[in-house]
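Engineer: I'd like to ask you about the structure that follows.
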Amino acid sequence: MQSVQREKQISPKELYLKVKELPTPEKIEEITKALVGIKSINGTYGEVIIADFLSSFMKNIPYFSQYPELIWEQPLKDDHLGRKNIFAFLKGDVKSKKVVLFHSHMDTVGVGDFDGNKDEAFQPDVLKAHFAKQDNNQELKQAALSNEWMFGRGSVDMKSGIAVHLANLMHFSEQADQLKGNILVMFNPVEENEHTGVIDSVEELLILKDEKKYEFMLGINNDFITGLYEGDTNKYIYTGAVGKLLPCFYIYGREAHVGETLTSVDPTLISAEINRKINNNMELAENIQGELVLPPACLYQRDNKDFYNVQTALSSYMYFNYFVYKDSPNEVMEKLLTKAKQACLEMENHMKSQYQTFCEVTEAPTSPNLNWKIDVLSYNEYTSGLVSKGIDVKAISKKVVKNNVGVEKRELCFKILEELQKEDPDKSPRVVIFFAPPYCPHNYLRDEVEGEKETLNLIHDVLENFEEESSEVFKVKKFFPYLSDSSYLSLHDTNTEIDSLIENFPEFEKIYPVPVHDIRKLNIPSINIGVYGQDAHKRTERVYKPYSFQTLPYIIRNLTEKILNQ
């Protein structure tokens, strides 16, 4: 791809004047293209730039020109870039306290996949022209030639989603006096990794709920949807969000010289066996018929030797991506403890057998004091044992956090385990299982909850009408299959179950202070009715315009009106 000079970035006011009289689909297309042109890569100052752009754009809408105080920003706590959440509140019927929340994230993943042509990642027309010449990929070429797809970083994940919400905000602002309720628009940064934008927003949303007495009827996220298998053209509506835990394994062994390796308890061997029992094991995936449920996947596995020598490793780390649909953190911990105990017992028996064979071959006597027993404990069990020995676990943990500012959060949790191990007089081999960031709660609309059942019925009614009017086939599922900001608006776990999570999460309040009890109190049911596209996070990322720009905004409008009128 040849380097092409970037177009001059349009200003928020220029964009508003350009689109204000356009039909909805064209309006969304122009806004999407302008937003793709903003480099709002996660972890960069671009996240601030796009927040300011969106705030300025909305202030040009006549309703908000009249009521500028209804657009505000919320700076993220202790954020090194100065990132912020952006809010816009559209007041309808002054007697109604009902609110429908429109929310989207503003950040994108990086553009390393574009190699030396990174600027072109933000130029949809340039990319379209490039892919139209790709004879080695006919599907991509036809997509580019068809004029039905828009390319570019963030085109589907999720600048087009923001554009849909903005177009609908403009629509409803023109008839605010006829609206039987209120609409809150919220744009968040930091979705693509730590979700700190939406996490901080919980405080602001609770103010609206508790102090202003607004009743949040529904949150509508429009993060991207795509086919779930080859040739799949269904449009999926998700009535909830998958949760995520990051279970970590601190494995402490017994070192030995390689000349005496059979006397060691090798943590790399233990971690390998634990990995074999957990990684991609569908037995650990929840059995929810018709939902895209996934097994745990290993994201990290290594020993802690910093340099070469002939001593076996003393400790090792590993952690897993673990999607949660209905299980509580305590249920997940029990499953992992069971698997780890099985793995360690098998390793103990394996090493006994290997040592016995070694003694037989070498005609050496066996040592009566040698054993390979490995304890398996949850973090709560381990630290409770330390406290009973008089060890100040809290003081040690807080000191580690204080002395390691800026250290990667998962590494920081492991450092806490290492320091606790140093203070423990018992140096027996062990596996300690704990949770580390990120943590995403799971939620979904439930048939057994009356208000949520009514919302489900409304969703089905709206989709049936649009299915009759179009050629689309809609499928309603419970869990959005990718991690989403919607996780942090509602939480189904009980307080007891949440306490179990926190007890097994080193320095939860300092390292990853998700306001779990506030989220339970907030309890905004949030669904995903998303833009449709392909190849999110890839160089060939693209949004399908006929559905995303011409059908989706009207589905969201219709559902919003029905929710506020019910």
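Residues are referred to by chain and number: the chain letter is A, B, ... according to the order shown in the structure tokens, the number counts from 1 in that chain, and ligands are numbered separately from 1 in the order shown.
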From a backbone DSSP assignment, name each residue in range 217-363 of chain A labelled alpha helix (DSSP H), as a PyMOL selection string.
Structural biologist: chain A and resi 267-278+329-362
Engineer: I'd like the neighbourhood of Gln178 in chain A as an NGL selection string, where a residue qualifies if any of its atoms comes within 8 Å (using only C-alpha atoms), though same-chain residues fewer than 2 positions away should be ignored.
Structural biologist: :A and (92-93 or 175-176 or 180)
Engineer: Ranking A:Glu215, A:Glu348, A:Glu360, A:Glu411 by minimum distance to Arg430 in chain A and counting only C-alpha atoms, which one comes first?
Structural biologist: A:Glu348
Engineer: Residues within 7 Å of His257 in chain A, please, as a list of chain:residue names. Count only C-alpha atoms; anything in the same chain fewer than 3 positions from it doesn't count.
Structural biologist: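 The contact residues come out as A:Glu260, A:Thr261, A:Val310, A:Gln311, A:Thr312.
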Engineer: Would you please work out which residue, of A:Lys277, A:Thr338, A:Asn188, A:Thr263, is nearest to Met351 in chain A when using only C-alpha atoms?
Structural biologist: A:Thr263
Engineer: Just how far from CA of Gly290 in chain A is CA of Leu501 in chain A, in Å to one decimal?
Structural biologist: 28.0 Å
Engineer: Neighbouring residues of Ser55 in chain A were defined as those with any atom within 9 Å, considering only C-alpha atoms; residues of the same chain fewer than 2 positions away were excluded. Please report them as a list of chain:residue names.
Structural biologist: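 Surrounding residues, per the criterion: A:Pro12, A:Ile50, A:Ala51, A:Asp52, A:Phe53, A:Phe57, A:Met58, A:Lys59, A:Ile71, A:Trp72, A:Glu73, A:Ile86, A:Phe87, A:Ala88.
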Engineer: Can you check which parts of range 111-199 of chain A lie within 7 Å of range 526-547 of chain A? Per residue, the shortest pair of atoms and distance in Å to one decimal, counting only C-alpha atoms, sorted by chain and number, as a tab-separated table.
Structural biologist:
```
residue	atom	partner	partner_atom	distance
A:Asp113	CA	A:Arg539	CA	5.9
A:Phe114	CA	A:Arg539	CA	6.3
A:Glu148	CA	A:Lys545	CA	5.4
A:Trp149	CA	A:Tyr544	CA	4.7
A:Met150	CA	A:Arg542	CA	5.3
A:Phe151	CA	A:Arg542	CA	4.3
A:Gly152	CA	A:Glu541	CA	6.1
A:Arg153	CA	A:Glu541	CA	6.5
A:Ser155	CA	A:Arg542	CA	5.7
A:Val156	CA	A:Val543	CA	4.7
A:Asp157	CA	A:Ala536	CA	6.1
A:Ser160	CA	A:Val531	CA	6.9
A:Gly161	CA	A:Val531	CA	6.0
```
Engineer: Hey, can you check how far CA of Arg446 in chain A sits from CA of Leu245 in chain A?
Structural biologist: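 According to the coordinates, CA of Arg446 in chain A and CA of Leu245 in chain A are separated by 21.8 Å.
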Engineer: Quick one: DSSP strand (DSSP E) residues in range 435-542 of chain A, as a PyMOL selection string?
Structural biologist: chain A and resi 435-440+443-444+474-477+526-528+533-534+542
Engineer: What is the CA of Ser397 in chain A-CA of Ile374 in chain A distance in Å, reported with one decimal?
Structural biologist: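 For CA of Ser397 in chain A relative to CA of Ile374 in chain A, the distance reads 24.2 Å.
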